[in-house]
Each structure stands twice: as C-alpha cells, then as structure tokens.
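A.B. asks: Mind having a look at this structure? Questions to follow.
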Amino acid sequence: MVAAQPKLEIMVKAAISRWALAFGLVLLAGCAARPVNPPLKQADPSKGYRFETRQAALNKDKDTLVILAFSGGGTRAAAFSYGVLEYMRRTEIVGPKGGRARLIDQVDVITGISGGSFTALAYGLYGDKLFDDYEQRFLKRDVQGEIVSRSLNPGNWARLSSTAWGRSELASELYDEVLFHGATFGDLNRGKGPLILASATDISSGARLVFQQGMFDVLCSDLDAVPLSRAAAASSAVPVVLSPVTLNNYGGSCNLVQPAWVDRFMDTENPPRPAARAIRSLRSLGDFSDGARRPYLHLVDGGVSDNVGMRGVLDALEVLEAMQEAGMPTPLDSARRVVVVIVNSLSVPPTKWDESESPPGSVEILLKSSGVPIDRNSFEAVELLRDMASRWRTMRQIRQSAGAASDPALAAMSRGPEAEIYAIDVSFSALKDKAEIDYLNRQPTSFVLPDEAVDRLRAAAGTILADSPEFKRLLRDVGGTVGAQPAAPAAPTAAAGR
C-alpha cells in the first residue's frame, strides 16, 4: 500500500494538470476577440475613402472614366485580373495633356469580389511595386494549405472555439502577414492609386456591402481604421468553408445627411426608370442605418450577391443617367468616355452526370446549384452594360439630329449622358483556342493553383484583352499602342535547381 501511494499521487497531479490545461483553454477562448471597426461621431461626405474625395485629391482628368471589375474565383480570379493589369501597364494612350500615358495610370475605380479583391486591394496599396513580387507572395503560394495548417494547429484551437473568432479571422491574419502588412483603408486614402471597392454580402439580407466610406457612413463607422486584410477576408468568406466576418453597426448615431439627389429619387413611389434598380439597392442598404436593431452585420463572400463586381457599377451609371435626364448636375458631366473592363474568371467545368443513371451526390448538387444563379447573374450584368451603352448612344444620336434641334420636346425626351460607353468583356469564352478554354475552365475555385495555371491565366487575360473588338475600338479612339511583352525568365536548369 505504501508503494502505491506515489503512483496515486502522480495520477492525481496528472489529472489536475489536464483540468488546468482545459480551464486555461477556456479562458483563452473567452479572451479571443475579433477586430472591431470603430464608430464615427459625425458623417462628412467631403472626407474619407470615396469616389468624390479620390477624384478631388488626385485631380484626375474627367474626360475619360476607366473602371475595372474583377470577379470572384479564388486564385484563378486573382491571377486572371493580374494579367489584365500587366497588359494595361504595357498599353500607352494619348494622355490628358497630349503626351503619352500608360493606360493603367488612367484607371479611376477597381471593383473586387472574392479572389479579385486581393489583386484590386494589393494594386491600390502598392501600385507599380505590386509587379515586383505579387506572383511569388500570393499567386504562386499555397494560401489554402496555410489556412488549413493554421486551423489544425493546436495553438489556434482555443481562439477557434470562441464564438467571436472564426476561420475567417485566422485567414485574415495570414493575408495580413503575406500581403498587406498591417495596411488599412486609411493607407489607401493617403495613397495615389485608384479607388478600390471590395464587396461582401450581408448574410441576413443578401445585400451588397461595399468597403467605401459612403457605405460606412450608413454604419456610422470609420473605414480608415479597417485593415485591408479584413475586407479581403470578408469578400472571400465562402459560406460554410469559412466563417462570416462580423462588423459592428452604429447606424443612426452620426447625423448622416443623404445627398439631395437621393431624397429626390427615393421620395417618389415611381423613381426615374434608369435609376429604379439603383434606388432599390439604396433602399435595401437603408436597413443598415438602424444600428440599434441590427448592432452586428455578418458578411460572407461577395460573389453571393455580385460575382463580377458589376452591380455597383451599373447602379452608379444608372443614377448618373437619371440625374442628367432630370437636369441635375453630376460629377461626370464632362466625361466623353466611360470605359468598363469586366474581368470575368467564371469557369464552367464539364461534368459527366448525364452519362450515368446515378444522380450526382449531395455535395456536388449543392455546389452546382449555388453556382448556376451566380453564373447567370454574371452574364446578365455584362448584357445590362451593353444595353446601357446602346441606349446612351441612341439618345445621343437623337440629340444630334436635326429633329431634336428644332423640337424642344424631343430634345427633352432624349436628354442624357454624352459619354460613350466601352463595354470590354474579358472572359475565357473569348479565347480562340478551345483547348486553352477547356484547360482554364478546369481550374478550381480555390486559393492554390499550379504555377503553370497561374502563368496561363495571366497570359490568357492579355490575349483576350488584345483581341477584344471593344478594346481595339478604344485604342483607335484614344491613339493607343501596346508595348512588347517582357521576356519570360529562363527556366532553371537541372544544375541550377540543385
């Protein structure tokens, strides 16, 4: 019995140690806290990261507005959109003052969804420096594997067990380490790059939430303090796979006053037709203004509400059209051209379901059923832009006709934007090489791809842009030329690899 005493003592100590460890983990879990977006005391439409302040700060030429829309699709989207930036960097046009200027330097706005938001945010932060190392830092990195590895690391289990801290917070930390290095929207606001609009989806209402100060005015929150990594995490938070990103909502506490045009259009039951969809979007966002009722917003992948980043672009152009038809001044009254480049990395991987009597499994059906409406919306967004371009052109032709000049009523009916829209669609289906289309369509929506796939996506983006009839028309109209493709680095020899 005496000999058994030490063994019993050891067992008791071990049990106490296990309980102490478990208690410590519980305490740590309770301490795990997500980043909190700070409140805004007073909303000021002349300050913060928004279109009007960016244009005023950079004194941009208003003759031509250039917008890029980067779709979702993981690393596939990030690499494809990066290829467009590379090509635009080599393209020169006649600048505002008559000299030569790079087309990439004329970009005013870049919208980004999910994978596309990484390239958009990184370019907005780094500018030309992005082309030095983005390929190795992000595109050719196993980002997905690193997120999984961190999730399986026992050192993160306590935080992951907290209801206030999920897998998207873990991903956000990784994005910050490898790409953004603590940068916030305040850094973008102080920079000289284009306006970057990363979007996520409010899971409760399905409404788009865009990371720009106009939206954060509704939340009565200061966007300047929000990390870029957190916006990227929200924009790419695939439901179920990653946890939602939570924002605090202080709406209704900062004396927000809406622009006059908003009141004019929203106070009527039948808003002007060109802006009807935009007004509906504004009304849905108005629900965010009640922070007392909705103190928290839970955000998931932006592709759920707008997979090509075009919804906000269409809304803005529709409002512009409605304002000009109503005889109201707009920030873009002097614009002659609106160039919209839709960089759509939508893939349509083939299936063999129709060859088998057995139906596909539940997971396969879930993935396909969630993707089909997103794919259809992507197609329709491009077609809506083309319809708008045709409508503006028709109205402009009527105004320029002899009949409109002599008939005030006809002139009033045809009032609208003077700008010409260039709808440039950069999609896999535009490639002439069917085998290459098949290869690109087989690339998954994930945050890891083979190096070869990254390179072929970048090259395809440049090829599609170069062959686009609308892009060629733009180059003719603005006196554009494209420089030579930089020489690819030599492949390492066997000796060099050892």
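Numbering starts fresh at 1 for the residues of each chain in the structure tokens, the chains themselves are lettered A, B, ... in the order given, and ligands are numbered from 1 as they appear.
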Extract the full set of alpha helix (DSSP H) residues from stretch 181-300 of chain A according to DSSP on the backbone, and format it as an MDAnalysis selection string.

C.D. replies: chainID A and resid 185:190 213:219 228:235 260:266 276:285

A.B. asks: So which residues touch A:Arg90 within 12 Å, counting only C-alpha atoms, skipping near sequence neighbours fewer than 5 positions away, as a list in words?

C.D. replies: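 Selected residues are Gly83, Val84, Leu85, Arg100, Ala101, Arg102, Leu103, Ile104, Asp105, Asp128, Gly462, Ala466, Gly480, Thr481, Val482, Gly483, Ala484, Gln485 and Pro486 of chain A.
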
A.B. asks: Create the file for the chosen residues now, containing N, CA, C and O atoms and written as a PDB file, in the first residue's frame.

C.D. replies:
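Dumped everything to selection33.pdb:
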ATOM      1  N   GLY A  83      -3.284  39.528 -64.782  1.00  0.00           N
ATOM      2  CA  GLY A  83      -2.870  39.534 -66.181  1.00  0.00           C
ATOM      3  C   GLY A  83      -3.405  40.738 -66.935  1.00  0.00           C
ATOM      4  O   GLY A  83      -2.728  41.297 -67.809  1.00  0.00           O
ATOM      5  N   VAL A  84      -4.626  41.182 -66.606  1.00  0.00           N
ATOM      6  CA  VAL A  84      -5.182  42.385 -67.229  1.00  0.00           C
ATOM      7  C   VAL A  84      -4.371  43.608 -66.826  1.00  0.00           C
ATOM      8  O   VAL A  84      -4.057  44.470 -67.657  1.00  0.00           O
ATOM      9  N   LEU A  85      -4.015  43.712 -65.546  1.00  0.00           N
ATOM     10  CA  LEU A  85      -3.195  44.837 -65.093  1.00  0.00           C
ATOM     11  C   LEU A  85      -1.845  44.844 -65.809  1.00  0.00           C
ATOM     12  O   LEU A  85      -1.344  45.907 -66.204  1.00  0.00           O
ATOM     13  N   ARG A 100       2.213  61.016 -74.009  1.00  0.00           N
ATOM     14  CA  ARG A 100       1.891  59.598 -73.879  1.00  0.00           C
ATOM     15  C   ARG A 100       1.686  59.254 -72.408  1.00  0.00           C
ATOM     16  O   ARG A 100       2.367  59.763 -71.526  1.00  0.00           O
ATOM     17  N   ALA A 101       0.733  58.386 -72.136  1.00  0.00           N
ATOM     18  CA  ALA A 101       0.446  57.972 -70.761  1.00  0.00           C
ATOM     19  C   ALA A 101       0.073  56.500 -70.754  1.00  0.00           C
ATOM     20  O   ALA A 101      -0.531  55.988 -71.701  1.00  0.00           O
ATOM     21  N   ARG A 102       0.446  55.808 -69.698  1.00  0.00           N
ATOM     22  CA  ARG A 102       0.088  54.403 -69.580  1.00  0.00           C
ATOM     23  C   ARG A 102      -1.406  54.287 -69.265  1.00  0.00           C
ATOM     24  O   ARG A 102      -1.937  55.040 -68.447  1.00  0.00           O
ATOM     25  N   LEU A 103      -2.053  53.318 -69.886  1.00  0.00           N
ATOM     26  CA  LEU A 103      -3.479  53.125 -69.656  1.00  0.00           C
ATOM     27  C   LEU A 103      -3.750  52.771 -68.203  1.00  0.00           C
ATOM     28  O   LEU A 103      -4.759  53.202 -67.626  1.00  0.00           O
ATOM     29  N   ILE A 104      -2.860  52.012 -67.582  1.00  0.00           N
ATOM     30  CA  ILE A 104      -3.077  51.595 -66.198  1.00  0.00           C
ATOM     31  C   ILE A 104      -3.117  52.796 -65.256  1.00  0.00           C
ATOM     32  O   ILE A 104      -3.805  52.780 -64.228  1.00  0.00           O
ATOM     33  N   ASP A 105      -2.420  53.875 -65.617  1.00  0.00           N
ATOM     34  CA  ASP A 105      -2.413  55.073 -64.772  1.00  0.00           C
ATOM     35  C   ASP A 105      -3.683  55.892 -64.917  1.00  0.00           C
ATOM     36  O   ASP A 105      -3.897  56.850 -64.158  1.00  0.00           O
ATOM     37  N   ASP A 128       2.797  50.237 -58.759  1.00  0.00           N
ATOM     38  CA  ASP A 128       3.748  49.530 -59.617  1.00  0.00           C
ATOM     39  C   ASP A 128       4.605  48.515 -58.861  1.00  0.00           C
ATOM     40  O   ASP A 128       5.108  47.550 -59.457  1.00  0.00           O
ATOM     41  N   GLY A 462      -4.226  38.732 -71.127  1.00  0.00           N
ATOM     42  CA  GLY A 462      -3.657  39.659 -72.096  1.00  0.00           C
ATOM     43  C   GLY A 462      -4.110  39.361 -73.510  1.00  0.00           C
ATOM     44  O   GLY A 462      -4.424  40.275 -74.290  1.00  0.00           O
ATOM     45  N   ALA A 466      -6.328  41.918 -75.806  1.00  0.00           N
ATOM     46  CA  ALA A 466      -5.766  42.375 -77.080  1.00  0.00           C
ATOM     47  C   ALA A 466      -6.708  42.089 -78.246  1.00  0.00           C
ATOM     48  O   ALA A 466      -6.794  42.880 -79.196  1.00  0.00           O
ATOM     49  N   GLY A 480      -4.087  54.650 -78.883  1.00  0.00           N
ATOM     50  CA  GLY A 480      -3.344  53.736 -78.025  1.00  0.00           C
ATOM     51  C   GLY A 480      -2.418  52.805 -78.772  1.00  0.00           C
ATOM     52  O   GLY A 480      -2.666  52.440 -79.926  1.00  0.00           O
ATOM     53  N   THR A 481      -1.339  52.407 -78.099  1.00  0.00           N
ATOM     54  CA  THR A 481      -0.401  51.414 -78.626  1.00  0.00           C
ATOM     55  C   THR A 481      -0.016  50.475 -77.489  1.00  0.00           C
ATOM     56  O   THR A 481      -0.084  50.847 -76.318  1.00  0.00           O
ATOM     57  N   VAL A 482       0.392  49.266 -77.840  1.00  0.00           N
ATOM     58  CA  VAL A 482       0.766  48.274 -76.838  1.00  0.00           C
ATOM     59  C   VAL A 482       2.229  47.935 -77.001  1.00  0.00           C
ATOM     60  O   VAL A 482       2.689  47.623 -78.100  1.00  0.00           O
ATOM     61  N   GLY A 483       2.960  47.992 -75.900  1.00  0.00           N
ATOM     62  CA  GLY A 483       4.386  47.676 -75.918  1.00  0.00           C
ATOM     63  C   GLY A 483       4.640  46.188 -75.999  1.00  0.00           C
ATOM     64  O   GLY A 483       3.727  45.362 -75.878  1.00  0.00           O
ATOM     65  N   ALA A 484       5.890  45.834 -76.220  1.00  0.00           N
ATOM     66  CA  ALA A 484       6.267  44.432 -76.356  1.00  0.00           C
ATOM     67  C   ALA A 484       6.110  43.702 -75.028  1.00  0.00           C
ATOM     68  O   ALA A 484       6.268  44.278 -73.956  1.00  0.00           O
ATOM     69  N   GLN A 485       5.795  42.414 -75.126  1.00  0.00           N
ATOM     70  CA  GLN A 485       5.689  41.567 -73.947  1.00  0.00           C
ATOM     71  C   GLN A 485       7.083  41.389 -73.338  1.00  0.00           C
ATOM     72  O   GLN A 485       8.036  41.060 -74.044  1.00  0.00           O
ATOM     73  N   PRO A 486       7.231  41.622 -72.025  1.00  0.00           N
ATOM     74  CA  PRO A 486       8.545  41.410 -71.395  1.00  0.00           C
ATOM     75  C   PRO A 486       8.996  39.972 -71.571  1.00  0.00           C
ATOM     76  O   PRO A 486       8.193  39.044 -71.581  1.00  0.00           O
TER      77      PRO A 486
END

A.B. asks: Extract, using only C-alpha atoms, all DNA, RNA and protein residues at most 6 Å from A:Leu209, discarding same-chain residues fewer than 3 positions from it, and format them as a ChimeraX atom specification.

C.D. replies: /A:199-201

A.B. asks: Take the residues that were just selected and, keeping N, CA, C and O atoms, output them as a PDB file, in the first residue's frame.

C.D. replies:
ATOM      1  N   SER A 199     -16.127  44.150 -52.186  1.00  0.00           N
ATOM      2  CA  SER A 199     -17.512  43.918 -51.766  1.00  0.00           C
ATOM      3  C   SER A 199     -17.668  42.582 -51.062  1.00  0.00           C
ATOM      4  O   SER A 199     -17.001  41.601 -51.387  1.00  0.00           O
ATOM      5  N   ALA A 200     -18.585  42.564 -50.091  1.00  0.00           N
ATOM      6  CA  ALA A 200     -19.002  41.344 -49.409  1.00  0.00           C
ATOM      7  C   ALA A 200     -20.529  41.308 -49.435  1.00  0.00           C
ATOM      8  O   ALA A 200     -21.178  42.194 -49.989  1.00  0.00           O
ATOM      9  N   THR A 201     -21.113  40.267 -48.826  1.00  0.00           N
ATOM     10  CA  THR A 201     -22.565  40.105 -48.804  1.00  0.00           C
ATOM     11  C   THR A 201     -23.053  39.988 -47.373  1.00  0.00           C
ATOM     12  O   THR A 201     -22.520  39.187 -46.590  1.00  0.00           O
TER      13      THR A 201
END

A.B. asks: Would you list the contacts of A:Thr463 as a VMD selection string, taking every protein, DNA or RNA residue within 10 Å and counting only C-alpha atoms, but skipping same-chain residues closer than 2 positions in sequence?

C.D. replies: chain A and resid 83 to 84 87 426 430 to 432 457 to 461 465 to 468

A.B. asks: Store the residues picked out above, limited to all heavy atoms, as a JSON list (two decimals), in the first residue's frame.

C.D. replies:
[["chain", "number", "residue", "atom", "x", "y", "z"],
["A", 83, "GLY", "N", -3.28, 39.53, -64.78],
["A", 83, "GLY", "CA", -2.87, 39.53, -66.18],
["A", 83, "GLY", "C", -3.40, 40.74, -66.93],
["A", 83, "GLY", "O", -2.73, 41.30, -67.81],
["A", 84, "VAL", "N", -4.63, 41.18, -66.61],
["A", 84, "VAL", "CA", -5.18, 42.39, -67.23],
["A", 84, "VAL", "C", -4.37, 43.61, -66.83],
["A", 84, "VAL", "O", -4.06, 44.47, -67.66],
["A", 84, "VAL", "CB", -6.67, 42.55, -66.85],
["A", 84, "VAL", "CG1", -7.17, 43.96, -67.20],
["A", 84, "VAL", "CG2", -7.52, 41.50, -67.55],
["A", 87, "TYR", "N", -1.16, 43.74, -68.77],
["A", 87, "TYR", "CA", -1.33, 44.17, -70.16],
["A", 87, "TYR", "C", -1.60, 45.67, -70.23],
["A", 87, "TYR", "O", -1.05, 46.38, -71.09],
["A", 87, "TYR", "CB", -2.47, 43.40, -70.82],
["A", 87, "TYR", "CG", -2.49, 43.53, -72.32],
["A", 87, "TYR", "CD1", -1.70, 42.71, -73.12],
["A", 87, "TYR", "CD2", -3.26, 44.50, -72.94],
["A", 87, "TYR", "CE1", -1.69, 42.84, -74.50],
["A", 87, "TYR", "CE2", -3.27, 44.65, -74.31],
["A", 87, "TYR", "CZ", -2.48, 43.81, -75.10],
["A", 87, "TYR", "OH", -2.47, 43.96, -76.46],
["A", 426, "VAL", "N", -13.73, 40.58, -70.68],
["A", 426, "VAL", "CA", -12.55, 39.70, -70.69],
["A", 426, "VAL", "C", -12.96, 38.40, -69.99],
["A", 426, "VAL", "O", -12.92, 38.29, -68.76],
["A", 426, "VAL", "CB", -11.36, 40.36, -69.97],
["A", 426, "VAL", "CG1", -10.13, 39.46, -70.03],
["A", 426, "VAL", "CG2", -11.05, 41.72, -70.59],
["A", 430, "ALA", "N", -13.94, 34.02, -74.72],
["A", 430, "ALA", "CA", -13.50, 34.85, -75.85],
["A", 430, "ALA", "C", -12.22, 34.32, -76.49],
["A", 430, "ALA", "O", -11.83, 34.78, -77.56],
["A", 430, "ALA", "CB", -13.28, 36.29, -75.38],
["A", 431, "LEU", "N", -11.56, 33.36, -75.85],
["A", 431, "LEU", "CA", -10.35, 32.79, -76.43],
["A", 431, "LEU", "C", -10.67, 32.01, -77.71],
["A", 431, "LEU", "O", -11.71, 31.36, -77.80],
["A", 431, "LEU", "CB", -9.66, 31.86, -75.43],
["A", 431, "LEU", "CG", -8.81, 32.50, -74.34],
["A", 431, "LEU", "CD1", -8.41, 31.43, -73.32],
["A", 431, "LEU", "CD2", -7.57, 33.17, -74.91],
["A", 432, "LYS", "N", -9.77, 32.07, -78.66],
["A", 432, "LYS", "CA", -9.95, 31.31, -79.89],
["A", 432, "LYS", "C", -9.48, 29.86, -79.73],
["A", 432, "LYS", "O", -9.94, 28.98, -80.46],
["A", 432, "LYS", "CB", -9.18, 31.99, -81.02],
["A", 432, "LYS", "CG", -9.68, 33.41, -81.33],
["A", 432, "LYS", "CD", -8.81, 34.09, -82.37],
["A", 432, "LYS", "CE", -9.28, 35.51, -82.63],
["A", 432, "LYS", "NZ", -8.40, 36.23, -83.59],
["A", 457, "LEU", "N", -3.19, 31.66, -66.98],
["A", 457, "LEU", "CA", -4.29, 32.60, -66.72],
["A", 457, "LEU", "C", -3.86, 34.03, -67.02],
["A", 457, "LEU", "O", -4.59, 34.80, -67.64],
["A", 457, "LEU", "CB", -4.74, 32.47, -65.26],
["A", 457, "LEU", "CG", -5.61, 31.25, -64.93],
["A", 457, "LEU", "CD1", -5.57, 30.96, -63.44],
["A", 457, "LEU", "CD2", -7.05, 31.49, -65.39],
["A", 458, "ARG", "N", -2.66, 34.40, -66.59],
["A", 458, "ARG", "CA", -2.14, 35.75, -66.84],
["A", 458, "ARG", "C", -2.00, 35.99, -68.35],
["A", 458, "ARG", "O", -2.41, 37.05, -68.86],
["A", 458, "ARG", "CB", -0.80, 35.93, -66.15],
["A", 458, "ARG", "CG", -0.88, 35.97, -64.63],
["A", 458, "ARG", "CD", 0.46, 35.70, -63.99],
["A", 458, "ARG", "NE", 1.48, 36.64, -64.47],
["A", 458, "ARG", "CZ", 2.80, 36.45, -64.30],
["A", 458, "ARG", "NH1", 3.24, 35.34, -63.72],
["A", 458, "ARG", "NH2", 3.65, 37.33, -64.74],
["A", 459, "ALA", "N", -1.45, 35.01, -69.05],
["A", 459, "ALA", "CA", -1.25, 35.15, -70.50],
["A", 459, "ALA", "C", -2.59, 35.23, -71.22],
["A", 459, "ALA", "O", -2.77, 36.03, -72.15],
["A", 459, "ALA", "CB", -0.43, 33.99, -71.03],
["A", 460, "ALA", "N", -3.56, 34.42, -70.78],
["A", 460, "ALA", "CA", -4.88, 34.42, -71.43],
["A", 460, "ALA", "C", -5.56, 35.77, -71.28],
["A", 460, "ALA", "O", -6.21, 36.25, -72.22],
["A", 460, "ALA", "CB", -5.75, 33.32, -70.83],
["A", 461, "ALA", "N", -5.42, 36.39, -70.12],
["A", 461, "ALA", "CA", -6.05, 37.70, -69.89],
["A", 461, "ALA", "C", -5.54, 38.72, -70.90],
["A", 461, "ALA", "O", -6.33, 39.48, -71.49],
["A", 461, "ALA", "CB", -5.77, 38.17, -68.47],
["A", 465, "LEU", "N", -7.81, 40.46, -73.93],
["A", 465, "LEU", "CA", -7.93, 41.92, -73.98],
["A", 465, "LEU", "C", -7.44, 42.45, -75.32],
["A", 465, "LEU", "O", -8.08, 43.31, -75.94],
["A", 465, "LEU", "CB", -7.12, 42.53, -72.83],
["A", 465, "LEU", "CG", -7.32, 44.03, -72.56],
["A", 465, "LEU", "CD1", -8.78, 44.35, -72.29],
["A", 465, "LEU", "CD2", -6.46, 44.48, -71.39],
["A", 466, "ALA", "N", -6.33, 41.92, -75.81],
["A", 466, "ALA", "CA", -5.77, 42.37, -77.08],
["A", 466, "ALA", "C", -6.71, 42.09, -78.25],
["A", 466, "ALA", "O", -6.79, 42.88, -79.20],
["A", 466, "ALA", "CB", -4.42, 41.71, -77.32],
["A", 467, "ASP", "N", -7.44, 40.98, -78.19],
["A", 467, "ASP", "CA", -8.32, 40.58, -79.29],
["A", 467, "ASP", "C", -9.73, 41.18, -79.18],
["A", 467, "ASP", "O", -10.53, 41.04, -80.10],
["A", 467, "ASP", "CB", -8.44, 39.05, -79.35],
["A", 467, "ASP", "CG", -7.14, 38.40, -79.80],
["A", 467, "ASP", "OD1", -6.29, 39.10, -80.38],
["A", 467, "ASP", "OD2", -6.96, 37.19, -79.54],
["A", 468, "SER", "N", -10.03, 41.82, -78.07],
["A", 468, "SER", "CA", -11.38, 42.35, -77.86],
["A", 468, "SER", "C", -11.70, 43.46, -78.86],
["A", 468, "SER", "O", -10.98, 44.46, -78.94],
["A", 468, "SER", "CB", -11.50, 42.90, -76.43],
["A", 468, "SER", "OG", -12.64, 43.74, -76.31]]

A.B. asks: To one decimal in Å, tell me the separation between atom CA of A:Phe216 and atom CA of A:Phe180.

C.D. replies: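 Calculated distance between atom CA of A:Phe216 and atom CA of A:Phe180 is 21.0 Å.
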
A.B. asks: A:Lys434, A:Arg34, A:Arg473, A:Lys129: which is nearest A:Leu160, counting only C-alpha atoms?

C.D. replies: A:Arg34

A.B. asks: Near A:Gln324, counting only C-alpha atoms, which residues have an atom at most 10 Å away, once you skip same-chain residues fewer than 4 positions from it, shown as a list of chain:residue names?

C.D. replies: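 Skipping anything fewer than 4 positions along the chain leaves A:Glu318, A:Val319, A:Leu320, A:Met328, A:Pro329, A:Thr330, A:Leu332, A:Asp333, A:Arg415, A:Gly416, A:Pro417, A:Glu418.
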
A.B. asks: Please measure the separation of atom CA of A:Tyr82 and atom CA of A:Gln55, giving the value in Å to one decimal.

C.D. replies: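 A separation of 23.7 Å between them.
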
A.B. asks: In Å, rounded to a single decimal, give me how far atom CA of A:Leu317 is from atom CA of A:Leu297.

C.D. replies: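 Taking atom CA of A:Leu297 as the start and atom CA of A:Leu317 as the end point, the length is 27.4 Å.
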
A.B. asks: If you count only C-alpha atoms, which residues fall within 8 Å of A:Asp108, apart from same-chain ones fewer than 6 positions away, as a PyMOL selection string?

C.D. replies: chain A and resi 55+65-67+194-195

A.B. asks: For the residues selected in the previous step, produce a file with all heavy atoms as an mmCIF file, in the first residue's frame.

C.D. replies:
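That gives us part05.cif:
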data_model
loop_
_atom_site.group_PDB
_atom_site.id
_atom_site.type_symbol
_atom_site.label_atom_id
_atom_site.label_comp_id
_atom_site.auth_asym_id
_atom_site.auth_seq_id
_atom_site.Cartn_x
_atom_site.Cartn_y
_atom_site.Cartn_z
ATOM 1 N N GLN A 55 -11.188 61.545 -56.527
ATOM 2 C CA GLN A 55 -11.066 62.342 -57.743
ATOM 3 C C GLN A 55 -10.528 63.733 -57.428
ATOM 4 O O GLN A 55 -9.686 64.270 -58.145
ATOM 5 C CB GLN A 55 -12.428 62.451 -58.435
ATOM 6 C CG GLN A 55 -12.934 61.144 -59.025
ATOM 7 C CD GLN A 55 -12.107 60.669 -60.206
ATOM 8 O OE1 GLN A 55 -11.917 61.383 -61.161
ATOM 9 N NE2 GLN A 55 -11.607 59.444 -60.128
ATOM 10 N N LEU A 65 -13.443 58.143 -67.952
ATOM 11 C CA LEU A 65 -13.526 57.395 -66.698
ATOM 12 C C LEU A 65 -13.235 55.933 -67.002
ATOM 13 O O LEU A 65 -13.877 55.331 -67.861
ATOM 14 C CB LEU A 65 -14.921 57.538 -66.089
ATOM 15 C CG LEU A 65 -15.196 56.714 -64.829
ATOM 16 C CD1 LEU A 65 -14.387 57.240 -63.656
ATOM 17 C CD2 LEU A 65 -16.690 56.733 -64.486
ATOM 18 N N VAL A 66 -12.255 55.352 -66.301
ATOM 19 C CA VAL A 66 -11.865 53.956 -66.530
ATOM 20 C C VAL A 66 -12.179 53.138 -65.282
ATOM 21 O O VAL A 66 -11.702 53.455 -64.187
ATOM 22 C CB VAL A 66 -10.372 53.836 -66.879
ATOM 23 C CG1 VAL A 66 -10.002 52.377 -67.149
ATOM 24 C CG2 VAL A 66 -10.030 54.696 -68.100
ATOM 25 N N ILE A 67 -12.976 52.107 -65.467
ATOM 26 C CA ILE A 67 -13.399 51.234 -64.370
ATOM 27 C C ILE A 67 -13.021 49.796 -64.700
ATOM 28 O O ILE A 67 -13.280 49.312 -65.806
ATOM 29 C CB ILE A 67 -14.923 51.312 -64.158
ATOM 30 C CG1 ILE A 67 -15.358 52.753 -63.893
ATOM 31 C CG2 ILE A 67 -15.365 50.403 -63.018
ATOM 32 C CD1 ILE A 67 -16.868 52.938 -63.931
ATOM 33 N N PRO A 194 -6.013 54.236 -57.659
ATOM 34 C CA PRO A 194 -7.446 54.347 -57.962
ATOM 35 C C PRO A 194 -8.282 53.959 -56.749
ATOM 36 O O PRO A 194 -7.775 53.374 -55.780
ATOM 37 C CB PRO A 194 -7.638 53.342 -59.107
ATOM 38 C CG PRO A 194 -6.545 52.339 -58.910
ATOM 39 C CD PRO A 194 -5.372 53.110 -58.379
ATOM 40 N N LEU A 195 -9.560 54.281 -56.806
ATOM 41 C CA LEU A 195 -10.479 53.877 -55.750
ATOM 42 C C LEU A 195 -10.713 52.370 -55.855
ATOM 43 O O LEU A 195 -11.081 51.865 -56.914
ATOM 44 C CB LEU A 195 -11.806 54.619 -55.915
ATOM 45 C CG LEU A 195 -12.910 54.274 -54.905
ATOM 46 C CD1 LEU A 195 -12.552 54.808 -53.523
ATOM 47 C CD2 LEU A 195 -14.256 54.829 -55.361
#

A.B. asks: Write out as an NGL selection string all residues of stretch 50-222 of chain A that DSSP puts in strand (DSSP E) for this structure's backbone.

C.D. replies: :A and (64-70 or 91-94 or 100-102 or 107-113 or 195-202 or 208-210)

A.B. asks: Take the residues just selected and output them with C-alpha atoms as an mmCIF file, in the first residue's frame.

C.D. replies:
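Contents of part-v2.cif, freshly written:
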data_model
loop_
_atom_site.group_PDB
_atom_site.id
_atom_site.type_symbol
_atom_site.label_atom_id
_atom_site.label_comp_id
_atom_site.auth_asym_id
_atom_site.auth_seq_id
_atom_site.Cartn_x
_atom_site.Cartn_y
_atom_site.Cartn_z
ATOM 1 C CA THR A 64 -12.394 59.504 -69.643
ATOM 2 C CA LEU A 65 -13.526 57.395 -66.698
ATOM 3 C CA VAL A 66 -11.865 53.956 -66.530
ATOM 4 C CA ILE A 67 -13.399 51.234 -64.370
ATOM 5 C CA LEU A 68 -12.118 47.677 -63.881
ATOM 6 C CA ALA A 69 -14.385 44.978 -62.419
ATOM 7 C CA PHE A 70 -12.545 41.932 -61.013
ATOM 8 C CA THR A 91 -0.551 49.938 -73.126
ATOM 9 C CA GLU A 92 0.029 53.620 -73.855
ATOM 10 C CA ILE A 93 -2.543 56.193 -74.926
ATOM 11 C CA VAL A 94 -2.550 59.892 -75.677
ATOM 12 C CA ARG A 100 1.891 59.598 -73.879
ATOM 13 C CA ALA A 101 0.446 57.972 -70.761
ATOM 14 C CA ARG A 102 0.088 54.403 -69.580
ATOM 15 C CA VAL A 107 -7.766 53.757 -64.042
ATOM 16 C CA ASP A 108 -10.189 55.525 -61.683
ATOM 17 C CA VAL A 109 -12.018 52.656 -59.983
ATOM 18 C CA ILE A 110 -11.421 48.928 -59.458
ATOM 19 C CA THR A 111 -14.171 46.756 -58.000
ATOM 20 C CA GLY A 112 -13.129 43.442 -56.489
ATOM 21 C CA ILE A 113 -15.048 40.347 -55.464
ATOM 22 C CA LEU A 195 -10.479 53.877 -55.750
ATOM 23 C CA ILE A 196 -10.671 50.209 -54.721
ATOM 24 C CA LEU A 197 -14.152 48.860 -53.943
ATOM 25 C CA ALA A 198 -14.058 45.416 -52.347
ATOM 26 C CA SER A 199 -17.512 43.918 -51.766
ATOM 27 C CA ALA A 200 -19.002 41.344 -49.409
ATOM 28 C CA THR A 201 -22.565 40.105 -48.804
ATOM 29 C CA ASP A 202 -24.691 40.669 -45.712
ATOM 30 C CA ARG A 208 -24.068 44.023 -51.046
ATOM 31 C CA LEU A 209 -21.791 45.769 -48.585
ATOM 32 C CA VAL A 210 -19.005 47.740 -50.268
#

A.B. asks: Identify which of the residues A:Ala326, A:Phe118, A:Leu223, A:Ser289 lies closest to A:Ser236, counting only C-alpha atoms when measuring atom-to-atom distances.

C.D. replies: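 Under the stated criterion, the closest residue is A:Phe118.
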
A.B. asks: Using only C-alpha atoms, which protein or nucleic acid residues come within 12 Å of stretch 39-42 of chain A? Drop anything in the same chain fewer than 2 positions from it, and give the result as a PyMOL selection string.

C.D. replies: chain A and resi 36-37+44-48+213+216-226+247-257+291+295

A.B. asks: For A:Tyr134, which residue among A:Ala232, A:Val478, A:Leu285, A:Val454 is the nearest when counting only C-alpha atoms?

C.D. replies: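 Among the listed residues, A:Val454 lies closest to A:Tyr134.
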
A.B. asks: Quick one: of A:Ser204, A:Leu384, A:Ala171, A:Gly116, who's nearest to A:Arg311, counting only C-alpha atoms?

C.D. replies: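 Closest candidate: A:Leu384.
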
A.B. asks: I'd like to know which of A:His298, A:Arg396, A:Arg141, A:Arg337 is closest to A:Gly206, using only C-alpha atoms.

C.D. replies: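 For A:Gly206, the nearest of the given residues is A:His298.
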
A.B. asks: Considering only C-alpha atoms, can you say which of A:His181, A:Arg150, A:Arg76, A:Arg283 comes closest to A:Ser114?

C.D. replies: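 Selected residue with least distance to A:Ser114: A:Arg76.
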